[in-house]
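Reviewing the structure listed below.
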Amino acid sequence: MAASSRIIVIDHASWDAAPGMDAAPSPAAELEEGKVLYFPRLRFELTDAETALLDPSLVDPKRKNISLNAVTGKLTGVAVEDERRDAIGALVRRYYETTRRFLDRLLPHYAAHLHAPTTSLRLHRIGTWKMSWRKDDSRLHVDAFPSRPVGQQRILRVFNNINPHGDARRWRVGESFETLSARYLPQIPPYRPGVAWLLHKLHVTKSRRSAYDHIMLQLHDRMKADADYQRNGPQESIDFPPGSTWICFSDQTPHAAMTGQFMLEQTYLLPVSAMENPERSPQRVLERQLASA
Ligand code: SIN
Ligand code: FE
């Protein structure tokens, strides 16, 4: 890893303990700088019966992924109604519980504030699920949800490659959020509260889209549509092998998933106010950049 890499390698193999990291900055501080915490040896072990569930035909053809809302227990995206459905539910829930335990140790200051968990099982090989450019996550982007505005919440994600055949998940990781947003902010049309109100009334969005959500969606779309930025923008490539885990604030860290198949992913929302340094959030960065524009 080059000295300027935005990927922090942590040699740690247990979900039940915090990594021994005496050196500052803390894991939370690294995440808040937009870094990716990469644990090459933090494996999520599957049983043979679970490995047999790694089959894309088990995903509802209308959905990209299988997902679990661990709070309501609602499992969506499973194409079958037999005992495999329960086995998938149990696997996804076990990932939720395992990563939760780990985050409580890794990021103790966040623990009481992490909420809205969504767990996802991604069975399709990257590139085989047909989609529009806007949904194409092999283009560098920051995460922004079109129908679920986040407002003053951060998006924290824990990824694990569970490929049983040795295939790495290849990502690209981009520049700092400040330089990214400064690059695109001048092109972004102003927020229109009336439009946000209407989208909510029409149930296009689950709540009112804030000015922040508007900018983040624009940023997401504009960087994905920018072929020159995709090719020549600041970025590094990294292979996450099977048996590895990586964590980032995906609303802040530009990322693109290039190759690979079979992954578990845990999402949480975190209030900006629960960060070690809220000034590092995309919300505050954009406020400062807009104020000085
Ligand atoms: C993404 O979150 O953009 C995709 C991550 C992945 O599929 O590896
Ligand atoms: Fe993404």
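Ordering of the structure tokens sets the chain letters (A, B, ...); residue numbers start at 1 within each chain; ligands are numbered from 1 in the order shown.
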Exercise for the section: Pick out the residues no farther than 7 Å from ligand 1, counting only C-alpha atoms and all ligand atoms, and list them as a count of residues only. Expected result: 7
What residues have any atom no more than 12 Å from ligand 2 when counting only C-alpha atoms and all ligand atoms, and can you list them as a short mmCIF file (atom, residue, chain, number, x, y, z; two decimals) with N, CA, C and O atoms, in the first residue's frame?
data_model
loop_
_atom_site.label_atom_id
_atom_site.label_comp_id
_atom_site.auth_asym_id
_atom_site.auth_seq_id
_atom_site.Cartn_x
_atom_site.Cartn_y
_atom_site.Cartn_z
N ARG A 134 -26.88 4.95 -13.66
CA ARG A 134 -27.07 5.57 -12.35
C ARG A 134 -26.92 4.54 -11.21
O ARG A 134 -26.48 4.87 -10.12
N LYS A 135 -27.30 3.32 -11.51
CA LYS A 135 -27.18 2.25 -10.50
C LYS A 135 -25.90 1.44 -10.64
O LYS A 135 -25.67 0.51 -9.88
N ASP A 136 -25.07 1.82 -11.59
CA ASP A 136 -23.86 1.05 -11.87
C ASP A 136 -22.77 1.39 -10.85
O ASP A 136 -22.09 2.41 -10.96
N ASP A 137 -22.59 0.49 -9.87
CA ASP A 137 -21.63 0.75 -8.80
C ASP A 137 -20.20 0.41 -9.18
O ASP A 137 -19.30 0.47 -8.33
N SER A 138 -19.97 0.07 -10.48
CA SER A 138 -18.57 -0.05 -10.93
C SER A 138 -18.05 1.31 -11.38
O SER A 138 -16.92 1.42 -11.84
N ARG A 139 -18.88 2.33 -11.23
CA ARG A 139 -18.40 3.71 -11.43
C ARG A 139 -18.16 4.32 -10.06
O ARG A 139 -18.97 4.12 -9.14
N LEU A 140 -17.08 5.08 -9.92
CA LEU A 140 -16.77 5.72 -8.64
C LEU A 140 -17.97 6.57 -8.20
O LEU A 140 -18.53 7.32 -9.00
N HIS A 141 -18.33 6.45 -6.93
CA HIS A 141 -19.47 7.22 -6.41
C HIS A 141 -19.38 7.32 -4.90
O HIS A 141 -18.64 6.56 -4.27
N VAL A 142 -20.13 8.23 -4.34
CA VAL A 142 -20.44 8.20 -2.91
C VAL A 142 -21.89 7.78 -2.79
O VAL A 142 -22.70 8.09 -3.67
N ASP A 143 -22.23 7.04 -1.74
CA ASP A 143 -23.59 6.51 -1.63
C ASP A 143 -24.58 7.62 -1.29
O ASP A 143 -24.31 8.48 -0.44
N ALA A 144 -25.72 7.57 -1.97
CA ALA A 144 -26.84 8.48 -1.70
C ALA A 144 -28.09 7.70 -2.10
O ALA A 144 -28.10 7.09 -3.17
N PHE A 145 -29.09 7.67 -1.22
CA PHE A 145 -30.28 6.86 -1.48
C PHE A 145 -31.39 7.73 -2.08
O PHE A 145 -31.88 8.64 -1.42
N ILE A 155 -23.70 7.27 6.69
CA ILE A 155 -23.90 5.88 6.24
C ILE A 155 -22.60 5.11 6.49
O ILE A 155 -21.58 5.37 5.85
N LEU A 156 -22.66 4.16 7.44
CA LEU A 156 -21.49 3.35 7.79
C LEU A 156 -21.72 1.92 7.30
O LEU A 156 -22.79 1.35 7.54
N ARG A 157 -20.73 1.34 6.60
CA ARG A 157 -20.93 0.00 6.03
C ARG A 157 -19.76 -0.93 6.35
O ARG A 157 -18.60 -0.53 6.32
N VAL A 158 -20.12 -2.18 6.64
CA VAL A 158 -19.14 -3.24 6.92
C VAL A 158 -19.29 -4.32 5.85
O VAL A 158 -20.33 -4.98 5.77
N PHE A 159 -18.26 -4.51 5.04
CA PHE A 159 -18.29 -5.44 3.90
C PHE A 159 -17.45 -6.67 4.22
O PHE A 159 -16.40 -6.57 4.87
N TRP A 171 -12.04 -3.32 -5.76
CA TRP A 171 -12.62 -1.99 -5.63
C TRP A 171 -11.66 -0.94 -6.16
O TRP A 171 -10.45 -1.17 -6.23
N ARG A 172 -12.22 0.19 -6.48
CA ARG A 172 -11.43 1.41 -6.61
C ARG A 172 -11.86 2.32 -5.47
O ARG A 172 -13.04 2.36 -5.12
N VAL A 173 -10.91 3.03 -4.89
CA VAL A 173 -11.20 3.97 -3.81
C VAL A 173 -10.66 5.33 -4.23
O VAL A 173 -9.52 5.42 -4.72
N HIS A 220 -23.53 12.13 -6.60
CA HIS A 220 -23.52 10.71 -6.99
C HIS A 220 -23.70 10.58 -8.50
O HIS A 220 -22.94 9.89 -9.19
N ASP A 221 -24.70 11.26 -9.04
CA ASP A 221 -25.00 11.13 -10.46
C ASP A 221 -23.94 11.78 -11.32
O ASP A 221 -23.54 11.23 -12.35
N LYS A 224 -20.72 9.73 -11.48
CA LYS A 224 -20.92 8.50 -12.27
C LYS A 224 -21.01 8.80 -13.76
O LYS A 224 -20.60 7.99 -14.59
N CYS A 248 -16.20 1.41 5.82
CA CYS A 248 -16.03 2.84 5.52
C CYS A 248 -17.34 3.58 5.68
O CYS A 248 -18.41 2.98 5.76
N PHE A 249 -17.25 4.90 5.75
CA PHE A 249 -18.42 5.77 5.59
C PHE A 249 -18.61 5.91 4.08
O PHE A 249 -17.90 6.66 3.41
N SER A 250 -19.59 5.20 3.55
CA SER A 250 -19.72 5.11 2.09
C SER A 250 -20.38 6.36 1.49
O SER A 250 -20.44 6.49 0.28
N ASP A 251 -20.88 7.26 2.35
CA ASP A 251 -21.39 8.54 1.86
C ASP A 251 -20.24 9.53 1.66
O ASP A 251 -20.44 10.62 1.12
N GLN A 252 -19.05 9.16 2.12
CA GLN A 252 -17.91 10.08 2.13
C GLN A 252 -16.77 9.59 1.23
O GLN A 252 -16.09 10.41 0.59
N THR A 253 -16.56 8.28 1.24
CA THR A 253 -15.43 7.67 0.56
C THR A 253 -15.83 7.27 -0.85
O THR A 253 -16.66 6.38 -1.02
N PRO A 254 -15.29 7.91 -1.88
CA PRO A 254 -15.64 7.49 -3.25
C PRO A 254 -15.17 6.04 -3.46
O PRO A 254 -14.04 5.70 -3.13
N HIS A 255 -16.07 5.21 -3.98
CA HIS A 255 -15.75 3.79 -4.16
C HIS A 255 -16.44 3.26 -5.40
O HIS A 255 -17.45 3.81 -5.85
N ALA A 256 -15.88 2.17 -5.94
CA ALA A 256 -16.46 1.49 -7.10
C ALA A 256 -16.12 0.02 -6.97
O ALA A 256 -14.99 -0.32 -6.61
N ALA A 257 -17.10 -0.85 -7.24
CA ALA A 257 -16.87 -2.30 -7.13
C ALA A 257 -16.71 -2.84 -8.55
O ALA A 257 -17.63 -2.78 -9.36
N MET A 258 -15.51 -3.36 -8.85
CA MET A 258 -15.15 -3.70 -10.23
C MET A 258 -15.38 -5.17 -10.60
O MET A 258 -15.88 -5.48 -11.67
N GLU A 265 -22.90 -7.52 3.57
CA GLU A 265 -22.68 -6.09 3.84
C GLU A 265 -23.68 -5.64 4.89
O GLU A 265 -24.86 -5.94 4.81
N THR A 267 -25.14 -2.27 6.85
CA THR A 267 -25.26 -0.80 6.85
C THR A 267 -25.86 -0.33 8.17
O THR A 267 -26.78 -0.96 8.70
#
Practice task
Within region 49-230 of chain A, find each residue whose DSSP state, derived from the backbone, is strand (DSSP E), and express the selection as an NGL selection string.
Solution key: :A and (66-69 or 74-76 or 115-122 or 153-161 or 169-174)
Which of region 18-94 of chain A DSSP labels helix (DSSP H, G or I), written as a PDB file with all heavy atoms, in the first residue's frame:
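This is the output file selection-v5.pdb:
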ATOM      1  N   PRO A  27      -9.646   4.267  15.262  1.00  0.00           N
ATOM      2  CA  PRO A  27     -10.381   3.777  14.087  1.00  0.00           C
ATOM      3  C   PRO A  27     -11.496   4.737  13.660  1.00  0.00           C
ATOM      4  O   PRO A  27     -11.683   4.981  12.461  1.00  0.00           O
ATOM      5  CB  PRO A  27     -10.949   2.434  14.566  1.00  0.00           C
ATOM      6  CG  PRO A  27     -10.015   1.979  15.634  1.00  0.00           C
ATOM      7  CD  PRO A  27      -9.545   3.231  16.319  1.00  0.00           C
ATOM      8  N   ALA A  28     -12.211   5.319  14.632  1.00  0.00           N
ATOM      9  CA  ALA A  28     -13.284   6.258  14.270  1.00  0.00           C
ATOM     10  C   ALA A  28     -12.711   7.483  13.563  1.00  0.00           C
ATOM     11  O   ALA A  28     -13.275   7.973  12.581  1.00  0.00           O
ATOM     12  CB  ALA A  28     -14.079   6.664  15.515  1.00  0.00           C
ATOM     13  N   ALA A  29     -11.564   7.960  14.065  1.00  0.00           N
ATOM     14  CA  ALA A  29     -10.953   9.144  13.442  1.00  0.00           C
ATOM     15  C   ALA A  29     -10.527   8.845  12.003  1.00  0.00           C
ATOM     16  O   ALA A  29     -10.692   9.682  11.113  1.00  0.00           O
ATOM     17  CB  ALA A  29      -9.761   9.622  14.272  1.00  0.00           C
ATOM     18  N   GLU A  30     -10.004   7.652  11.769  1.00  0.00           N
ATOM     19  CA  GLU A  30      -9.631   7.271  10.398  1.00  0.00           C
ATOM     20  C   GLU A  30     -10.870   7.221   9.507  1.00  0.00           C
ATOM     21  O   GLU A  30     -10.864   7.735   8.383  1.00  0.00           O
ATOM     22  CB  GLU A  30      -8.939   5.895  10.377  1.00  0.00           C
ATOM     23  CG  GLU A  30      -7.655   5.809  11.182  1.00  0.00           C
ATOM     24  CD  GLU A  30      -6.443   6.372  10.443  1.00  0.00           C
ATOM     25  OE1 GLU A  30      -6.607   7.241   9.562  1.00  0.00           O
ATOM     26  OE2 GLU A  30      -5.317   5.931  10.767  1.00  0.00           O
ATOM     27  N   LEU A  31     -11.922   6.595   9.995  1.00  0.00           N
ATOM     28  CA  LEU A  31     -13.168   6.523   9.202  1.00  0.00           C
ATOM     29  C   LEU A  31     -13.683   7.923   8.906  1.00  0.00           C
ATOM     30  O   LEU A  31     -14.143   8.205   7.795  1.00  0.00           O
ATOM     31  CB  LEU A  31     -14.241   5.727   9.954  1.00  0.00           C
ATOM     32  CG  LEU A  31     -14.006   4.224  10.097  1.00  0.00           C
ATOM     33  CD1 LEU A  31     -15.043   3.617  11.045  1.00  0.00           C
ATOM     34  CD2 LEU A  31     -14.077   3.525   8.735  1.00  0.00           C
ATOM     35  N   GLU A  32     -13.613   8.795   9.903  1.00  0.00           N
ATOM     36  CA  GLU A  32     -14.136  10.153   9.732  1.00  0.00           C
ATOM     37  C   GLU A  32     -13.278  10.978   8.767  1.00  0.00           C
ATOM     38  O   GLU A  32     -13.723  12.010   8.274  1.00  0.00           O
ATOM     39  CB  GLU A  32     -14.281  10.840  11.101  1.00  0.00           C
ATOM     40  CG  GLU A  32     -15.371  10.176  11.945  1.00  0.00           C
ATOM     41  CD  GLU A  32     -15.585  10.820  13.311  1.00  0.00           C
ATOM     42  OE1 GLU A  32     -15.022  11.907  13.563  1.00  0.00           O
ATOM     43  OE2 GLU A  32     -16.339  10.231  14.117  1.00  0.00           O
ATOM     44  N   ASP A  48     -20.671 -25.547   5.496  1.00  0.00           N
ATOM     45  CA  ASP A  48     -20.903 -26.090   4.151  1.00  0.00           C
ATOM     46  C   ASP A  48     -22.339 -25.838   3.706  1.00  0.00           C
ATOM     47  O   ASP A  48     -22.598 -25.527   2.538  1.00  0.00           O
ATOM     48  CB  ASP A  48     -20.602 -27.598   4.121  1.00  0.00           C
ATOM     49  CG  ASP A  48     -19.109 -27.872   4.252  1.00  0.00           C
ATOM     50  OD1 ASP A  48     -18.316 -26.919   4.102  1.00  0.00           O
ATOM     51  OD2 ASP A  48     -18.748 -29.039   4.511  1.00  0.00           O
ATOM     52  N   ALA A  49     -23.269 -25.966   4.638  1.00  0.00           N
ATOM     53  CA  ALA A  49     -24.677 -25.740   4.293  1.00  0.00           C
ATOM     54  C   ALA A  49     -24.901 -24.282   3.875  1.00  0.00           C
ATOM     55  O   ALA A  49     -25.676 -23.998   2.948  1.00  0.00           O
ATOM     56  CB  ALA A  49     -25.568 -26.105   5.482  1.00  0.00           C
ATOM     57  N   GLU A  50     -24.216 -23.367   4.536  1.00  0.00           N
ATOM     58  CA  GLU A  50     -24.344 -21.948   4.163  1.00  0.00           C
ATOM     59  C   GLU A  50     -23.671 -21.684   2.818  1.00  0.00           C
ATOM     60  O   GLU A  50     -24.198 -20.917   1.995  1.00  0.00           O
ATOM     61  CB  GLU A  50     -23.738 -21.063   5.259  1.00  0.00           C
ATOM     62  CG  GLU A  50     -24.611 -20.994   6.509  1.00  0.00           C
ATOM     63  CD  GLU A  50     -23.930 -20.282   7.679  1.00  0.00           C
ATOM     64  OE1 GLU A  50     -22.688 -20.274   7.765  1.00  0.00           O
ATOM     65  OE2 GLU A  50     -24.673 -19.741   8.525  1.00  0.00           O
ATOM     66  N   THR A  51     -22.542 -22.302   2.587  1.00  0.00           N
ATOM     67  CA  THR A  51     -21.848 -22.109   1.304  1.00  0.00           C
ATOM     68  C   THR A  51     -22.743 -22.563   0.148  1.00  0.00           C
ATOM     69  O   THR A  51     -22.725 -21.961  -0.931  1.00  0.00           O
ATOM     70  CB  THR A  51     -20.501 -22.870   1.304  1.00  0.00           C
ATOM     71  OG1 THR A  51     -19.715 -22.387   2.400  1.00  0.00           O
ATOM     72  CG2 THR A  51     -19.729 -22.652   0.015  1.00  0.00           C
ATOM     73  N   PRO A  56     -26.868 -17.363  -7.183  1.00  0.00           N
ATOM     74  CA  PRO A  56     -27.618 -16.174  -7.624  1.00  0.00           C
ATOM     75  C   PRO A  56     -29.088 -16.458  -7.948  1.00  0.00           C
ATOM     76  O   PRO A  56     -29.914 -15.548  -7.899  1.00  0.00           O
ATOM     77  CB  PRO A  56     -26.868 -15.729  -8.883  1.00  0.00           C
ATOM     78  CG  PRO A  56     -25.530 -16.361  -8.810  1.00  0.00           C
ATOM     79  CD  PRO A  56     -25.663 -17.608  -7.986  1.00  0.00           C
ATOM     80  N   SER A  57     -29.421 -17.735  -8.256  1.00  0.00           N
ATOM     81  CA  SER A  57     -30.820 -18.017  -8.590  1.00  0.00           C
ATOM     82  C   SER A  57     -31.718 -17.934  -7.353  1.00  0.00           C
ATOM     83  O   SER A  57     -32.941 -17.973  -7.466  1.00  0.00           O
ATOM     84  CB  SER A  57     -30.945 -19.394  -9.261  1.00  0.00           C
ATOM     85  OG  SER A  57     -30.731 -20.409  -8.311  1.00  0.00           O
ATOM     86  N   LEU A  58     -31.134 -17.773  -6.173  1.00  0.00           N
ATOM     87  CA  LEU A  58     -31.947 -17.615  -4.961  1.00  0.00           C
ATOM     88  C   LEU A  58     -32.396 -16.164  -4.749  1.00  0.00           C
ATOM     89  O   LEU A  58     -33.168 -15.876  -3.838  1.00  0.00           O
ATOM     90  CB  LEU A  58     -31.170 -18.095  -3.730  1.00  0.00           C
ATOM     91  CG  LEU A  58     -30.826 -19.592  -3.729  1.00  0.00           C
ATOM     92  CD1 LEU A  58     -30.034 -19.973  -2.489  1.00  0.00           C
ATOM     93  CD2 LEU A  58     -32.098 -20.437  -3.820  1.00  0.00           C
ATOM     94  N   GLU A  83     -37.148 -24.262   2.750  1.00  0.00           N
ATOM     95  CA  GLU A  83     -36.304 -24.111   3.948  1.00  0.00           C
ATOM     96  C   GLU A  83     -35.042 -23.288   3.674  1.00  0.00           C
ATOM     97  O   GLU A  83     -34.417 -22.777   4.609  1.00  0.00           O
ATOM     98  CB  GLU A  83     -35.950 -25.484   4.537  1.00  0.00           C
ATOM     99  CG  GLU A  83     -35.003 -26.366   3.712  1.00  0.00           C
ATOM    100  CD  GLU A  83     -35.631 -26.971   2.448  1.00  0.00           C
ATOM    101  OE1 GLU A  83     -36.891 -26.954   2.330  1.00  0.00           O
ATOM    102  OE2 GLU A  83     -34.881 -27.433   1.568  1.00  0.00           O
ATOM    103  N   ARG A  84     -34.712 -23.122   2.382  1.00  0.00           N
ATOM    104  CA  ARG A  84     -33.543 -22.305   2.074  1.00  0.00           C
ATOM    105  C   ARG A  84     -33.774 -20.841   2.459  1.00  0.00           C
ATOM    106  O   ARG A  84     -32.835 -20.119   2.799  1.00  0.00           O
ATOM    107  CB  ARG A  84     -33.182 -22.416   0.585  1.00  0.00           C
ATOM    108  CG  ARG A  84     -32.567 -23.763   0.220  1.00  0.00           C
ATOM    109  CD  ARG A  84     -32.361 -23.907  -1.255  1.00  0.00           C
ATOM    110  NE  ARG A  84     -33.641 -23.895  -1.967  1.00  0.00           N
ATOM    111  CZ  ARG A  84     -33.765 -23.924  -3.287  1.00  0.00           C
ATOM    112  NH1 ARG A  84     -32.687 -23.945  -4.061  1.00  0.00           N
ATOM    113  NH2 ARG A  84     -34.962 -23.924  -3.855  1.00  0.00           N
ATOM    114  N   ARG A  85     -35.037 -20.435   2.402  1.00  0.00           N
ATOM    115  CA  ARG A  85     -35.348 -19.061   2.788  1.00  0.00           C
ATOM    116  C   ARG A  85     -34.979 -18.817   4.261  1.00  0.00           C
ATOM    117  O   ARG A  85     -34.377 -17.804   4.612  1.00  0.00           O
ATOM    118  CB  ARG A  85     -36.839 -18.792   2.560  1.00  0.00           C
ATOM    119  CG  ARG A  85     -37.244 -17.382   2.875  1.00  0.00           C
ATOM    120  CD  ARG A  85     -38.754 -17.185   2.773  1.00  0.00           C
ATOM    121  NE  ARG A  85     -39.072 -15.929   3.414  1.00  0.00           N
ATOM    122  CZ  ARG A  85     -38.984 -14.759   2.815  1.00  0.00           C
ATOM    123  NH1 ARG A  85     -38.655 -14.685   1.548  1.00  0.00           N
ATOM    124  NH2 ARG A  85     -39.229 -13.648   3.475  1.00  0.00           N
ATOM    125  N   ASP A  86     -35.336 -19.765   5.125  1.00  0.00           N
ATOM    126  CA  ASP A  86     -35.015 -19.623   6.549  1.00  0.00           C
ATOM    127  C   ASP A  86     -33.509 -19.683   6.780  1.00  0.00           C
ATOM    128  O   ASP A  86     -32.964 -18.967   7.621  1.00  0.00           O
ATOM    129  CB  ASP A  86     -35.686 -20.739   7.359  1.00  0.00           C
ATOM    130  CG  ASP A  86     -37.203 -20.641   7.272  1.00  0.00           C
ATOM    131  OD1 ASP A  86     -37.693 -19.512   7.051  1.00  0.00           O
ATOM    132  OD2 ASP A  86     -37.881 -21.673   7.398  1.00  0.00           O
ATOM    133  N   ALA A  87     -32.847 -20.539   6.005  1.00  0.00           N
ATOM    134  CA  ALA A  87     -31.397 -20.673   6.162  1.00  0.00           C
ATOM    135  C   ALA A  87     -30.690 -19.378   5.734  1.00  0.00           C
ATOM    136  O   ALA A  87     -29.731 -18.941   6.380  1.00  0.00           O
ATOM    137  CB  ALA A  87     -30.893 -21.866   5.348  1.00  0.00           C
ATOM    138  N   ILE A  88     -31.201 -18.751   4.669  1.00  0.00           N
ATOM    139  CA  ILE A  88     -30.622 -17.463   4.231  1.00  0.00           C
ATOM    140  C   ILE A  88     -30.864 -16.404   5.306  1.00  0.00           C
ATOM    141  O   ILE A  88     -29.965 -15.645   5.670  1.00  0.00           O
ATOM    142  CB  ILE A  88     -31.232 -17.025   2.876  1.00  0.00           C
ATOM    143  CG1 ILE A  88     -30.706 -17.930   1.754  1.00  0.00           C
ATOM    144  CG2 ILE A  88     -30.898 -15.565   2.578  1.00  0.00           C
ATOM    145  CD1 ILE A  88     -31.409 -17.726   0.421  1.00  0.00           C
ATOM    146  N   GLY A  89     -32.095 -16.387   5.828  1.00  0.00           N
ATOM    147  CA  GLY A  89     -32.415 -15.429   6.890  1.00  0.00           C
ATOM    148  C   GLY A  89     -31.477 -15.587   8.081  1.00  0.00           C
ATOM    149  O   GLY A  89     -30.986 -14.603   8.646  1.00  0.00           O
ATOM    150  N   ALA A  90     -31.196 -16.834   8.451  1.00  0.00           N
ATOM    151  CA  ALA A  90     -30.328 -17.098   9.610  1.00  0.00           C
ATOM    152  C   ALA A  90     -28.887 -16.668   9.319  1.00  0.00           C
ATOM    153  O   ALA A  90     -28.206 -16.102  10.182  1.00  0.00           O
ATOM    154  CB  ALA A  90     -30.381 -18.582   9.971  1.00  0.00           C
ATOM    155  N   LEU A  91     -28.426 -16.898   8.099  1.00  0.00           N
ATOM    156  CA  LEU A  91     -27.060 -16.498   7.722  1.00  0.00           C
ATOM    157  C   LEU A  91     -26.919 -14.978   7.782  1.00  0.00           C
ATOM    158  O   LEU A  91     -25.958 -14.442   8.361  1.00  0.00           O
ATOM    159  CB  LEU A  91     -26.741 -17.003   6.306  1.00  0.00           C
ATOM    160  CG  LEU A  91     -25.493 -16.410   5.637  1.00  0.00           C
ATOM    161  CD1 LEU A  91     -24.234 -16.758   6.404  1.00  0.00           C
ATOM    162  CD2 LEU A  91     -25.384 -16.877   4.182  1.00  0.00           C
ATOM    163  N   VAL A  92     -27.885 -14.291   7.193  1.00  0.00           N
ATOM    164  CA  VAL A  92     -27.804 -12.826   7.145  1.00  0.00           C
ATOM    165  C   VAL A  92     -27.895 -12.259   8.564  1.00  0.00           C
ATOM    166  O   VAL A  92     -27.157 -11.344   8.928  1.00  0.00           O
ATOM    167  CB  VAL A  92     -28.900 -12.270   6.207  1.00  0.00           C
ATOM    168  CG1 VAL A  92     -28.912 -10.755   6.225  1.00  0.00           C
ATOM    169  CG2 VAL A  92     -28.689 -12.774   4.781  1.00  0.00           C
ATOM    170  N   ARG A  93     -28.748 -12.861   9.387  1.00  0.00           N
ATOM    171  CA  ARG A  93     -28.873 -12.381  10.765  1.00  0.00           C
ATOM    172  C   ARG A  93     -27.583 -12.622  11.557  1.00  0.00           C
ATOM    173  O   ARG A  93     -27.161 -11.792  12.358  1.00  0.00           O
ATOM    174  CB  ARG A  93     -30.067 -13.033  11.471  1.00  0.00           C
ATOM    175  CG  ARG A  93     -30.223 -12.585  12.922  1.00  0.00           C
ATOM    176  CD  ARG A  93     -31.570 -12.919  13.512  1.00  0.00           C
ATOM    177  NE  ARG A  93     -32.647 -12.084  12.995  1.00  0.00           N
ATOM    178  CZ  ARG A  93     -32.899 -10.848  13.418  1.00  0.00           C
ATOM    179  NH1 ARG A  93     -32.166 -10.275  14.368  1.00  0.00           N
ATOM    180  NH2 ARG A  93     -33.901 -10.159  12.897  1.00  0.00           N
ATOM    181  N   ARG A  94     -26.950 -13.748  11.290  1.00  0.00           N
ATOM    182  CA  ARG A  94     -25.686 -14.030  11.981  1.00  0.00           C
ATOM    183  C   ARG A  94     -24.628 -12.992  11.602  1.00  0.00           C
ATOM    184  O   ARG A  94     -23.821 -12.585  12.439  1.00  0.00           O
ATOM    185  CB  ARG A  94     -25.218 -15.447  11.625  1.00  0.00           C
ATOM    186  CG  ARG A  94     -24.057 -15.945  12.468  1.00  0.00           C
ATOM    187  CD  ARG A  94     -23.921 -17.456  12.369  1.00  0.00           C
ATOM    188  NE  ARG A  94     -23.439 -17.910  11.071  1.00  0.00           N
ATOM    189  CZ  ARG A  94     -22.171 -17.860  10.674  1.00  0.00           C
ATOM    190  NH1 ARG A  94     -21.249 -17.351  11.476  1.00  0.00           N
ATOM    191  NH2 ARG A  94     -21.807 -18.305   9.488  1.00  0.00           N
TER     192      ARG A  94
END
Practice task
For Phe44 (chain A), please output as a PyMOL selection string all residues within 10 Å (counting only C-alpha atoms; exclusion window: fewer than 2 positions along the same chain).
Solution key: chain A and resi 13-15+41-42+46+94-95+98-99+160-162+242-245+264
Please produce a file of the residues just selected, as a PDB file, in the first residue's frame, where the atoms kept are C-alpha atoms.
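So part-v3.pdb came out as:
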ATOM      1  CA  ALA A  13      -8.676 -11.747  13.188  1.00  0.00           C
ATOM      2  CA  SER A  14     -11.311 -11.732  15.950  1.00  0.00           C
ATOM      3  CA  TRP A  15     -14.896 -10.426  15.882  1.00  0.00           C
ATOM      4  CA  ARG A  41      -7.738 -11.657   8.229  1.00  0.00           C
ATOM      5  CA  LEU A  42     -11.171 -10.910   9.692  1.00  0.00           C
ATOM      6  CA  LEU A  46     -19.527 -20.171   6.548  1.00  0.00           C
ATOM      7  CA  ARG A  94     -25.686 -14.030  11.981  1.00  0.00           C
ATOM      8  CA  TYR A  95     -23.689 -11.479   9.962  1.00  0.00           C
ATOM      9  CA  THR A  98     -21.390 -10.635  14.409  1.00  0.00           C
ATOM     10  CA  THR A  99     -20.633  -7.236  12.889  1.00  0.00           C
ATOM     11  CA  ASN A 160     -17.085  -9.036   3.867  1.00  0.00           C
ATOM     12  CA  ASN A 161     -16.008 -11.117   0.906  1.00  0.00           C
ATOM     13  CA  ILE A 162     -17.450 -14.655   1.318  1.00  0.00           C
ATOM     14  CA  PRO A 242     -12.163 -13.928   0.471  1.00  0.00           C
ATOM     15  CA  GLY A 243     -12.017 -13.927   4.250  1.00  0.00           C
ATOM     16  CA  SER A 244     -11.431 -10.182   4.521  1.00  0.00           C
ATOM     17  CA  THR A 245     -13.537  -7.372   5.963  1.00  0.00           C
ATOM     18  CA  LEU A 264     -22.185  -9.715   2.932  1.00  0.00           C
TER      19      LEU A 264
END
Write out as a CSV table (one decimal) with all heavy atoms, in the first residue's frame the residues lying within 7 Å of region 150-152 of chain A, counting only C-alpha atoms and excluding same-chain residues fewer than 6 positions away.
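Saved the output as out.csv:
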chain,number,residue,atom,x,y,z
A,210,SER,N,-33.8,16.6,2.0
A,210,SER,CA,-33.2,17.9,2.5
A,210,SER,C,-32.3,18.4,1.4
A,210,SER,O,-32.0,17.8,0.4
A,210,SER,CB,-32.4,17.6,3.8
A,210,SER,OG,-31.3,16.7,3.5
A,212,TYR,N,-29.2,18.8,1.8
A,212,TYR,CA,-28.0,17.9,1.8
A,212,TYR,C,-28.3,16.7,0.9
A,212,TYR,O,-27.4,16.3,0.1
A,212,TYR,CB,-27.7,17.4,3.2
A,212,TYR,CG,-26.7,16.3,3.3
A,212,TYR,CD1,-25.4,16.6,3.0
A,212,TYR,CD2,-27.1,15.0,3.6
A,212,TYR,CE1,-24.4,15.5,3.0
A,212,TYR,CE2,-26.2,14.0,3.7
A,212,TYR,CZ,-24.8,14.3,3.4
A,212,TYR,OH,-23.9,13.2,3.4
A,213,ASP,N,-29.5,16.0,1.0
A,213,ASP,CA,-29.8,14.9,0.2
A,213,ASP,C,-29.8,15.2,-1.3
A,213,ASP,O,-29.3,14.4,-2.1
A,213,ASP,CB,-31.1,14.3,0.6
A,213,ASP,CG,-31.1,13.7,2.0
A,213,ASP,OD1,-30.4,12.7,2.2
A,213,ASP,OD2,-31.8,14.2,2.9
A,271,PRO,N,-26.0,9.4,13.5
A,271,PRO,CA,-26.2,10.8,13.5
A,271,PRO,C,-24.9,11.6,13.4
A,271,PRO,O,-23.9,11.2,14.1
A,271,PRO,CB,-26.9,11.1,14.9
A,271,PRO,CG,-27.4,9.8,15.3
A,271,PRO,CD,-26.5,8.8,14.8
A,272,VAL,N,-24.8,12.6,12.6
A,272,VAL,CA,-23.6,13.5,12.5
A,272,VAL,C,-23.2,13.9,13.9
A,272,VAL,O,-22.0,13.9,14.2
A,272,VAL,CB,-23.9,14.7,11.7
A,272,VAL,CG1,-22.8,15.7,11.8
A,272,VAL,CG2,-24.1,14.3,10.2
